[in-house]
Structure formats: structure tokens, C-alpha cells
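Pasting start_13.txt here (compact mmCIF, N, CA and C atoms):
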```txt
# COMPACT_ATOMS: atom_id res chain seq x y z
N GLN A 1 102.10 43.71 -13.17
CA GLN A 1 101.81 43.35 -11.79
C GLN A 1 102.48 42.02 -11.46
N VAL A 2 103.18 41.99 -10.35
CA VAL A 2 103.90 40.79 -9.92
C VAL A 2 103.31 40.30 -8.60
N GLN A 3 103.13 39.02 -8.50
CA GLN A 3 102.66 38.40 -7.25
C GLN A 3 103.62 37.33 -6.80
N LEU A 4 103.84 37.26 -5.50
CA LEU A 4 104.61 36.20 -4.88
C LEU A 4 103.68 35.44 -3.95
N VAL A 5 103.57 34.14 -4.15
CA VAL A 5 102.66 33.34 -3.35
C VAL A 5 103.45 32.24 -2.65
N GLU A 6 103.43 32.31 -1.31
CA GLU A 6 104.14 31.31 -0.51
C GLU A 6 103.23 30.15 -0.15
N SER A 7 103.85 29.00 0.08
CA SER A 7 103.12 27.83 0.57
C SER A 7 104.09 26.96 1.34
N GLY A 8 103.52 26.06 2.15
CA GLY A 8 104.35 25.07 2.84
C GLY A 8 104.54 25.29 4.32
N GLY A 9 104.02 26.37 4.85
CA GLY A 9 104.15 26.59 6.29
C GLY A 9 103.25 25.65 7.07
N GLY A 10 103.40 25.68 8.39
CA GLY A 10 102.57 24.83 9.23
C GLY A 10 103.15 24.64 10.60
N LEU A 11 102.61 23.64 11.29
CA LEU A 11 103.04 23.31 12.65
C LEU A 11 103.87 22.03 12.61
N VAL A 12 105.02 22.06 13.26
CA VAL A 12 105.90 20.89 13.28
C VAL A 12 106.58 20.81 14.64
N GLN A 13 106.93 19.62 15.05
CA GLN A 13 107.65 19.44 16.31
C GLN A 13 109.13 19.78 16.14
N ALA A 14 109.75 20.15 17.22
CA ALA A 14 111.18 20.43 17.18
C ALA A 14 111.93 19.22 16.63
N GLY A 15 112.90 19.50 15.78
CA GLY A 15 113.65 18.44 15.11
C GLY A 15 113.07 18.04 13.77
N GLY A 16 111.88 18.50 13.48
CA GLY A 16 111.23 18.15 12.23
C GLY A 16 111.66 19.02 11.07
N SER A 17 111.00 18.83 9.93
CA SER A 17 111.34 19.54 8.69
C SER A 17 110.10 20.12 8.04
N LEU A 18 110.32 21.19 7.31
CA LEU A 18 109.30 21.79 6.45
C LEU A 18 109.98 22.31 5.20
N ARG A 19 109.21 22.38 4.12
CA ARG A 19 109.73 22.95 2.88
C ARG A 19 108.77 24.05 2.43
N LEU A 20 109.30 25.25 2.33
CA LEU A 20 108.53 26.38 1.86
C LEU A 20 108.77 26.58 0.37
N SER A 21 107.72 27.02 -0.31
CA SER A 21 107.83 27.36 -1.73
C SER A 21 107.27 28.75 -1.95
N CYS A 22 107.81 29.42 -2.94
CA CYS A 22 107.31 30.75 -3.31
C CYS A 22 107.37 30.87 -4.82
N ALA A 23 106.21 31.05 -5.43
CA ALA A 23 106.14 31.17 -6.88
C ALA A 23 105.85 32.61 -7.26
N ALA A 24 106.64 33.13 -8.18
CA ALA A 24 106.44 34.49 -8.70
C ALA A 24 105.67 34.41 -10.01
N SER A 25 104.69 35.29 -10.16
CA SER A 25 103.89 35.32 -11.39
C SER A 25 103.63 36.76 -11.79
N GLY A 26 103.26 36.93 -13.06
CA GLY A 26 102.96 38.27 -13.54
C GLY A 26 103.99 38.73 -14.56
N SER A 27 104.18 40.03 -14.61
CA SER A 27 105.09 40.63 -15.60
C SER A 27 106.53 40.54 -15.09
N ILE A 28 107.15 39.41 -15.36
CA ILE A 28 108.51 39.18 -14.87
C ILE A 28 109.45 39.14 -16.06
N PHE A 29 110.22 40.21 -16.22
CA PHE A 29 111.21 40.25 -17.29
C PHE A 29 112.49 39.58 -16.84
N ARG A 30 112.91 39.90 -15.62
CA ARG A 30 114.13 39.29 -15.10
C ARG A 30 114.00 39.15 -13.58
N LEU A 31 114.18 37.94 -13.10
CA LEU A 31 114.08 37.65 -11.68
C LEU A 31 115.49 37.61 -11.11
N ASN A 32 115.83 38.60 -10.33
CA ASN A 32 117.19 38.69 -9.80
C ASN A 32 117.30 37.89 -8.50
N VAL A 33 117.57 38.58 -7.42
CA VAL A 33 117.69 37.90 -6.12
C VAL A 33 116.32 37.47 -5.63
N MET A 34 116.26 36.26 -5.08
CA MET A 34 115.09 35.79 -4.35
C MET A 34 115.55 35.43 -2.94
N ALA A 35 114.68 35.63 -1.99
CA ALA A 35 115.11 35.42 -0.60
C ALA A 35 113.93 35.07 0.29
N TRP A 36 114.26 34.59 1.47
CA TRP A 36 113.30 34.36 2.52
C TRP A 36 113.69 35.21 3.73
N TYR A 37 112.72 35.90 4.26
CA TYR A 37 112.85 36.63 5.51
C TYR A 37 111.87 36.03 6.50
N ARG A 38 112.07 36.34 7.78
CA ARG A 38 111.11 35.91 8.79
C ARG A 38 110.95 37.00 9.84
N GLN A 39 109.78 36.96 10.46
CA GLN A 39 109.51 37.92 11.52
C GLN A 39 108.76 37.21 12.64
N ALA A 40 109.40 37.16 13.79
CA ALA A 40 108.78 36.58 14.98
C ALA A 40 108.04 37.68 15.74
N PRO A 41 107.07 37.31 16.56
CA PRO A 41 106.32 38.32 17.31
C PRO A 41 107.23 39.21 18.13
N GLY A 42 107.05 40.52 17.99
CA GLY A 42 107.83 41.48 18.76
C GLY A 42 109.24 41.70 18.27
N LYS A 43 109.59 41.08 17.13
CA LYS A 43 110.95 41.22 16.61
C LYS A 43 110.91 41.82 15.21
N GLN A 44 112.08 42.31 14.79
CA GLN A 44 112.19 42.86 13.45
C GLN A 44 112.29 41.76 12.42
N ARG A 45 111.88 42.08 11.21
CA ARG A 45 112.03 41.13 10.11
C ARG A 45 113.53 40.93 9.84
N GLU A 46 113.92 39.67 9.65
CA GLU A 46 115.33 39.37 9.42
C GLU A 46 115.50 38.47 8.20
N LEU A 47 116.64 38.62 7.56
CA LEU A 47 116.97 37.78 6.41
C LEU A 47 117.31 36.37 6.90
N VAL A 48 116.71 35.39 6.26
CA VAL A 48 117.01 33.99 6.55
C VAL A 48 118.01 33.44 5.54
N ALA A 49 117.69 33.63 4.25
CA ALA A 49 118.56 33.12 3.19
C ALA A 49 118.21 33.84 1.90
N ALA A 50 119.21 33.95 1.03
CA ALA A 50 119.01 34.60 -0.26
C ALA A 50 119.76 33.83 -1.33
N ILE A 51 119.29 33.93 -2.56
CA ILE A 51 119.93 33.24 -3.68
C ILE A 51 119.83 34.09 -4.92
N THR A 52 120.94 34.19 -5.65
CA THR A 52 120.95 34.97 -6.88
C THR A 52 120.44 34.14 -8.05
N SER A 53 120.26 34.78 -9.19
CA SER A 53 119.81 34.06 -10.38
C SER A 53 120.85 33.03 -10.82
N GLY A 54 122.10 33.27 -10.45
CA GLY A 54 123.16 32.33 -10.81
C GLY A 54 123.34 31.20 -9.82
N GLY A 55 122.62 31.27 -8.72
CA GLY A 55 122.68 30.18 -7.75
C GLY A 55 123.54 30.42 -6.53
N SER A 56 124.16 31.59 -6.42
CA SER A 56 124.95 31.89 -5.22
C SER A 56 124.01 32.19 -4.08
N SER A 57 124.33 31.65 -2.90
CA SER A 57 123.43 31.81 -1.77
C SER A 57 124.17 32.27 -0.52
N ASN A 58 123.42 32.85 0.40
CA ASN A 58 123.95 33.18 1.71
C ASN A 58 122.85 32.99 2.75
N TYR A 59 123.29 32.77 3.98
CA TYR A 59 122.37 32.40 5.05
C TYR A 59 122.65 33.19 6.32
N ALA A 60 121.62 33.34 7.13
CA ALA A 60 121.82 33.84 8.48
C ALA A 60 122.60 32.79 9.26
N ASP A 61 123.45 33.23 10.15
CA ASP A 61 124.27 32.30 10.92
C ASP A 61 123.40 31.29 11.69
N SER A 62 122.25 31.72 12.14
CA SER A 62 121.40 30.87 12.97
C SER A 62 120.80 29.70 12.22
N VAL A 63 120.81 29.74 10.88
CA VAL A 63 120.19 28.67 10.10
C VAL A 63 121.17 27.99 9.16
N LYS A 64 122.39 28.43 9.14
CA LYS A 64 123.35 28.06 8.09
C LYS A 64 123.50 26.55 7.92
N THR A 65 123.50 25.79 8.96
CA THR A 65 123.73 24.34 8.84
C THR A 65 122.44 23.55 8.75
N ARG A 66 121.30 24.24 8.82
CA ARG A 66 120.01 23.53 8.90
C ARG A 66 119.07 23.82 7.73
N PHE A 67 119.19 24.99 7.12
CA PHE A 67 118.29 25.38 6.04
C PHE A 67 119.03 25.40 4.71
N THR A 68 118.29 25.12 3.64
CA THR A 68 118.86 25.17 2.29
C THR A 68 117.91 25.92 1.37
N ILE A 69 118.42 26.94 0.72
CA ILE A 69 117.63 27.70 -0.25
C ILE A 69 117.98 27.22 -1.65
N SER A 70 116.98 27.14 -2.51
CA SER A 70 117.20 26.75 -3.90
C SER A 70 116.16 27.45 -4.76
N ARG A 71 116.36 27.41 -6.06
CA ARG A 71 115.39 28.04 -6.95
C ARG A 71 115.32 27.28 -8.26
N ASP A 72 114.16 27.39 -8.89
CA ASP A 72 113.93 26.83 -10.21
C ASP A 72 113.62 28.02 -11.11
N ASN A 73 114.59 28.44 -11.89
CA ASN A 73 114.41 29.64 -12.72
C ASN A 73 113.34 29.45 -13.79
N ALA A 74 113.18 28.24 -14.26
CA ALA A 74 112.16 27.98 -15.28
C ALA A 74 110.75 28.16 -14.72
N LYS A 75 110.61 27.94 -13.42
CA LYS A 75 109.31 28.05 -12.76
C LYS A 75 109.17 29.33 -11.95
N ASN A 76 110.20 30.17 -11.96
CA ASN A 76 110.19 31.40 -11.16
C ASN A 76 109.83 31.11 -9.71
N THR A 77 110.43 30.07 -9.18
CA THR A 77 110.09 29.60 -7.84
C THR A 77 111.33 29.46 -6.98
N VAL A 78 111.19 29.85 -5.72
CA VAL A 78 112.27 29.67 -4.76
C VAL A 78 111.77 28.77 -3.64
N TYR A 79 112.66 27.97 -3.11
CA TYR A 79 112.32 27.02 -2.05
C TYR A 79 113.20 27.26 -0.83
N LEU A 80 112.68 26.84 0.31
CA LEU A 80 113.48 26.85 1.53
C LEU A 80 113.24 25.53 2.25
N GLN A 81 114.23 24.67 2.23
CA GLN A 81 114.17 23.42 2.96
C GLN A 81 114.67 23.67 4.37
N MET A 82 113.83 23.41 5.34
CA MET A 82 114.16 23.68 6.74
C MET A 82 114.21 22.37 7.50
N ASP A 83 115.38 22.01 7.97
CA ASP A 83 115.57 20.78 8.74
C ASP A 83 115.99 21.10 10.17
N SER A 84 115.87 20.12 11.03
CA SER A 84 116.25 20.28 12.44
C SER A 84 115.67 21.56 13.02
N LEU A 85 114.38 21.74 12.81
CA LEU A 85 113.72 22.97 13.25
C LEU A 85 113.72 23.10 14.76
N LYS A 86 113.82 24.34 15.21
CA LYS A 86 113.84 24.67 16.63
C LYS A 86 112.67 25.60 16.95
N PRO A 87 112.24 25.62 18.20
CA PRO A 87 111.15 26.54 18.57
C PRO A 87 111.46 27.99 18.20
N GLU A 88 112.73 28.37 18.26
CA GLU A 88 113.10 29.75 17.93
C GLU A 88 113.00 30.06 16.43
N ASP A 89 112.72 29.04 15.62
CA ASP A 89 112.46 29.27 14.20
C ASP A 89 111.01 29.69 13.95
N THR A 90 110.19 29.65 14.98
CA THR A 90 108.79 30.04 14.84
C THR A 90 108.69 31.50 14.42
N ALA A 91 107.98 31.74 13.32
CA ALA A 91 107.86 33.09 12.77
C ALA A 91 106.96 33.03 11.54
N VAL A 92 106.62 34.21 11.05
CA VAL A 92 106.01 34.31 9.73
C VAL A 92 107.16 34.45 8.73
N TYR A 93 107.16 33.60 7.73
CA TYR A 93 108.21 33.60 6.72
C TYR A 93 107.70 34.29 5.46
N PHE A 94 108.47 35.26 5.00
CA PHE A 94 108.09 36.07 3.84
C PHE A 94 109.04 35.80 2.67
N CYS A 95 108.46 35.67 1.51
CA CYS A 95 109.23 35.56 0.28
C CYS A 95 109.53 36.96 -0.24
N PHE A 96 110.73 37.13 -0.78
CA PHE A 96 111.17 38.41 -1.35
C PHE A 96 111.76 38.15 -2.72
N ALA A 97 111.51 39.07 -3.64
CA ALA A 97 112.12 38.97 -4.96
C ALA A 97 112.47 40.36 -5.47
N GLN A 98 113.60 40.42 -6.11
CA GLN A 98 114.03 41.65 -6.77
C GLN A 98 113.95 41.38 -8.27
N ILE A 99 113.17 42.22 -8.95
CA ILE A 99 112.79 41.90 -10.33
C ILE A 99 113.11 43.04 -11.27
N GLY A 100 113.61 42.67 -12.46
CA GLY A 100 113.77 43.61 -13.54
C GLY A 100 115.03 44.45 -13.47
N VAL A 101 115.22 45.21 -14.53
CA VAL A 101 116.39 46.08 -14.65
C VAL A 101 116.37 47.15 -13.54
N SER A 102 115.18 47.57 -13.18
CA SER A 102 115.06 48.60 -12.13
C SER A 102 115.22 48.04 -10.73
N ALA A 103 115.35 46.71 -10.62
CA ALA A 103 115.53 46.04 -9.32
C ALA A 103 114.41 46.40 -8.35
N ALA A 104 113.18 46.32 -8.82
CA ALA A 104 112.04 46.58 -7.94
C ALA A 104 111.89 45.43 -6.94
N ASN A 105 111.50 45.77 -5.72
CA ASN A 105 111.35 44.78 -4.66
C ASN A 105 109.90 44.37 -4.48
N TYR A 106 109.69 43.07 -4.32
CA TYR A 106 108.35 42.55 -4.10
C TYR A 106 108.36 41.59 -2.91
N TRP A 107 107.23 41.57 -2.21
CA TRP A 107 107.08 40.71 -1.03
C TRP A 107 105.83 39.85 -1.16
N GLY A 108 105.93 38.65 -0.63
CA GLY A 108 104.76 37.81 -0.47
C GLY A 108 104.03 38.20 0.80
N ARG A 109 102.87 37.56 1.03
CA ARG A 109 102.07 37.89 2.21
C ARG A 109 102.53 37.16 3.45
N GLY A 110 103.34 36.14 3.28
CA GLY A 110 103.88 35.42 4.43
C GLY A 110 103.17 34.11 4.70
N THR A 111 103.90 33.19 5.30
CA THR A 111 103.34 31.91 5.71
C THR A 111 103.85 31.60 7.12
N GLN A 112 102.96 31.14 7.96
CA GLN A 112 103.31 30.90 9.37
C GLN A 112 104.02 29.57 9.53
N VAL A 113 105.12 29.60 10.24
CA VAL A 113 105.84 28.39 10.64
C VAL A 113 105.87 28.37 12.16
N THR A 114 105.35 27.30 12.74
CA THR A 114 105.33 27.16 14.18
C THR A 114 106.01 25.86 14.57
N VAL A 115 107.02 25.96 15.43
CA VAL A 115 107.77 24.79 15.87
C VAL A 115 107.50 24.60 17.36
N SER A 116 106.92 23.46 17.69
CA SER A 116 106.60 23.18 19.09
C SER A 116 107.74 22.41 19.75
N SER A 117 107.90 22.66 21.04
CA SER A 117 109.00 22.00 21.77
C SER A 117 108.55 20.66 22.36
```

Take the structure in this file and express it as C-alpha cells.
Amino acid sequence: QVQLVESGGGLVQAGGSLRLSCAASGSIFRLNVMAWYRQAPGKQRELVAAITSGGSSNYADSVKTRFTISRDNAKNTVYLQMDSLKPEDTAVYFCFAQIGVSAANYWGRGTQVTVSS
């Protein structure tokens, strides 16, 4: 059984920063890609940023110059540093992990990020 637990969401003013964390626990043989997705009210879930076990990352164009994804493989944890936040970044942010040889997908329950103007 694998669990992903997010933390770090909250309310922040536009221009501010937040740092999200997601820790994976349980039967983890190999942690492959880890990523952050977000879903705003009435919109589809979208990829924000992803990072491989080797450290290669990619970002949505809308966050590319403002967000930074990183991971600590020893702690099975992925982070998302969010700077220069905008009201349009308001969403529930979900942690994603692809684990094991079978590349099974796991999701966290989400953490709310609200950016006020």
C-alpha cells in the first residue's frame, strides 16, 4: 500500500510564495516520476510540473518561470516552490507518483492553494 501526503497549501496574496511538499510512504520499491497537478473549479486537472528520478523536470508554460519542482529521493519526497503567485494559480494541487516496475500511478488527496488579488 502506497500513500502520498501533501502539505503546504494555504492562502497567500498575489505576488507571494508557497512551498508544497508530498511524501510517499508504504511499499515503495522504485519511485519513478513524481509530479504536481492542479484542478481549479470547473476546469480539468492539469499538469503543473514533473520530475524524474534522475532530476529531469518539465513545467506547464503558465508556471515555467515562477515554480520550481525538486525531489529528495532519500526521503521519497517531492516539493513545489511557487513564487510570484497569481490569482489564476488558485486550485487544489495534487501530488502524483509513478511507482515500481509496473509503473503504477498514485495520487494524493490534494491541498488547497488560494491566491487573493

Using only N, CA and C atoms, which residues sit within 6.5 Å of stretch 100-114 of chain A once same-chain residues fewer than 5 positions away are excluded, as a list in words?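 Contacts, with the query itself left out: Gln3, Leu4, Val5, Glu6, Ser7, Gly9, Gly10, Leu11, Val12, Gln13, Phe29, Arg30, Leu31, Asn32, Asp89, Thr90, Ala91, Val92, Tyr93, Phe94 and Cys95 of chain A.
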
Write out as a PyMOL selection string the residues lying within 9 Å of A:Arg66, counting only C-alpha atoms and excluding same-chain residues fewer than 2 positions away. chain A and resi 62-64+68+81-85

Could you pull out the residues in chain A that DSSP calls helix (DSSP H, G or I) from the backbone, as a PyMOL selection string? chain A and resi 73-75+87-89

Please list as a ChimeraX atom specification every residue within 6.5 Å of A:Gly8, counting all atoms listed in the file and excluding residues in the same chain fewer than 6 positions away. /A:18-21

Please tell me which residues are no farther than 12 Å from (124.9, 35.8, -7.3) in the file, counting only C-alpha atoms, and write them as a list in words. Leu31, Asn32, Val33, Met34, Ala35, Ala50, Ile51, Thr52, Ser53, Gly54, Gly55, Ser56, Ser57 and Asn58 of chain A

For A:Pro87, list every protein, DNA or RNA residue within 6 Å, evaluated using only N, CA and C atoms, and leave out those in the same chain fewer than 4 positions away; present the list as a PDB file with N, CA and C atoms, in the coordinates of the input.
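Contents of part_11.pdb, as written:
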```pdb
ATOM      1  N   ALA A  14     109.750  20.150  17.220  1.00  0.00           N
ATOM      2  CA  ALA A  14     111.180  20.430  17.180  1.00  0.00           C
ATOM      3  C   ALA A  14     111.930  19.220  16.630  1.00  0.00           C
ATOM      4  N   VAL A 115     107.020  25.960  15.430  1.00  0.00           N
ATOM      5  CA  VAL A 115     107.770  24.790  15.870  1.00  0.00           C
ATOM      6  C   VAL A 115     107.500  24.600  17.360  1.00  0.00           C
ATOM      7  N   SER A 116     106.920  23.460  17.690  1.00  0.00           N
ATOM      8  CA  SER A 116     106.600  23.180  19.090  1.00  0.00           C
ATOM      9  C   SER A 116     107.740  22.410  19.750  1.00  0.00           C
ATOM     10  N   SER A 117     107.900  22.660  21.040  1.00  0.00           N
ATOM     11  CA  SER A 117     109.000  22.000  21.770  1.00  0.00           C
ATOM     12  C   SER A 117     108.550  20.660  22.360  1.00  0.00           C
TER      13      SER A 117
END
```

DSSP on the backbone, then: every residue of chain A marked strand (DSSP E), written as an MDAnalysis selection string. chainID A and resid 2:7 10:13 18:26 31:39 46:51 57:59 67:72 77:82 91:99 104:107 111:116

Would you mind telling me which residue in A:Trp36, A:Gly15, A:Arg45, A:Ile99 lies nearest to A:Ile69 when using only N, CA and C atoms? A:Trp36

Using all atoms listed in the file, pick whichever of A:Ile28, A:Ala23, A:Val2, A:Val48 has the shortest atom-to-atom distance to A:Asp61.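 Among the listed residues, A:Val48 lies closest to A:Asp61.
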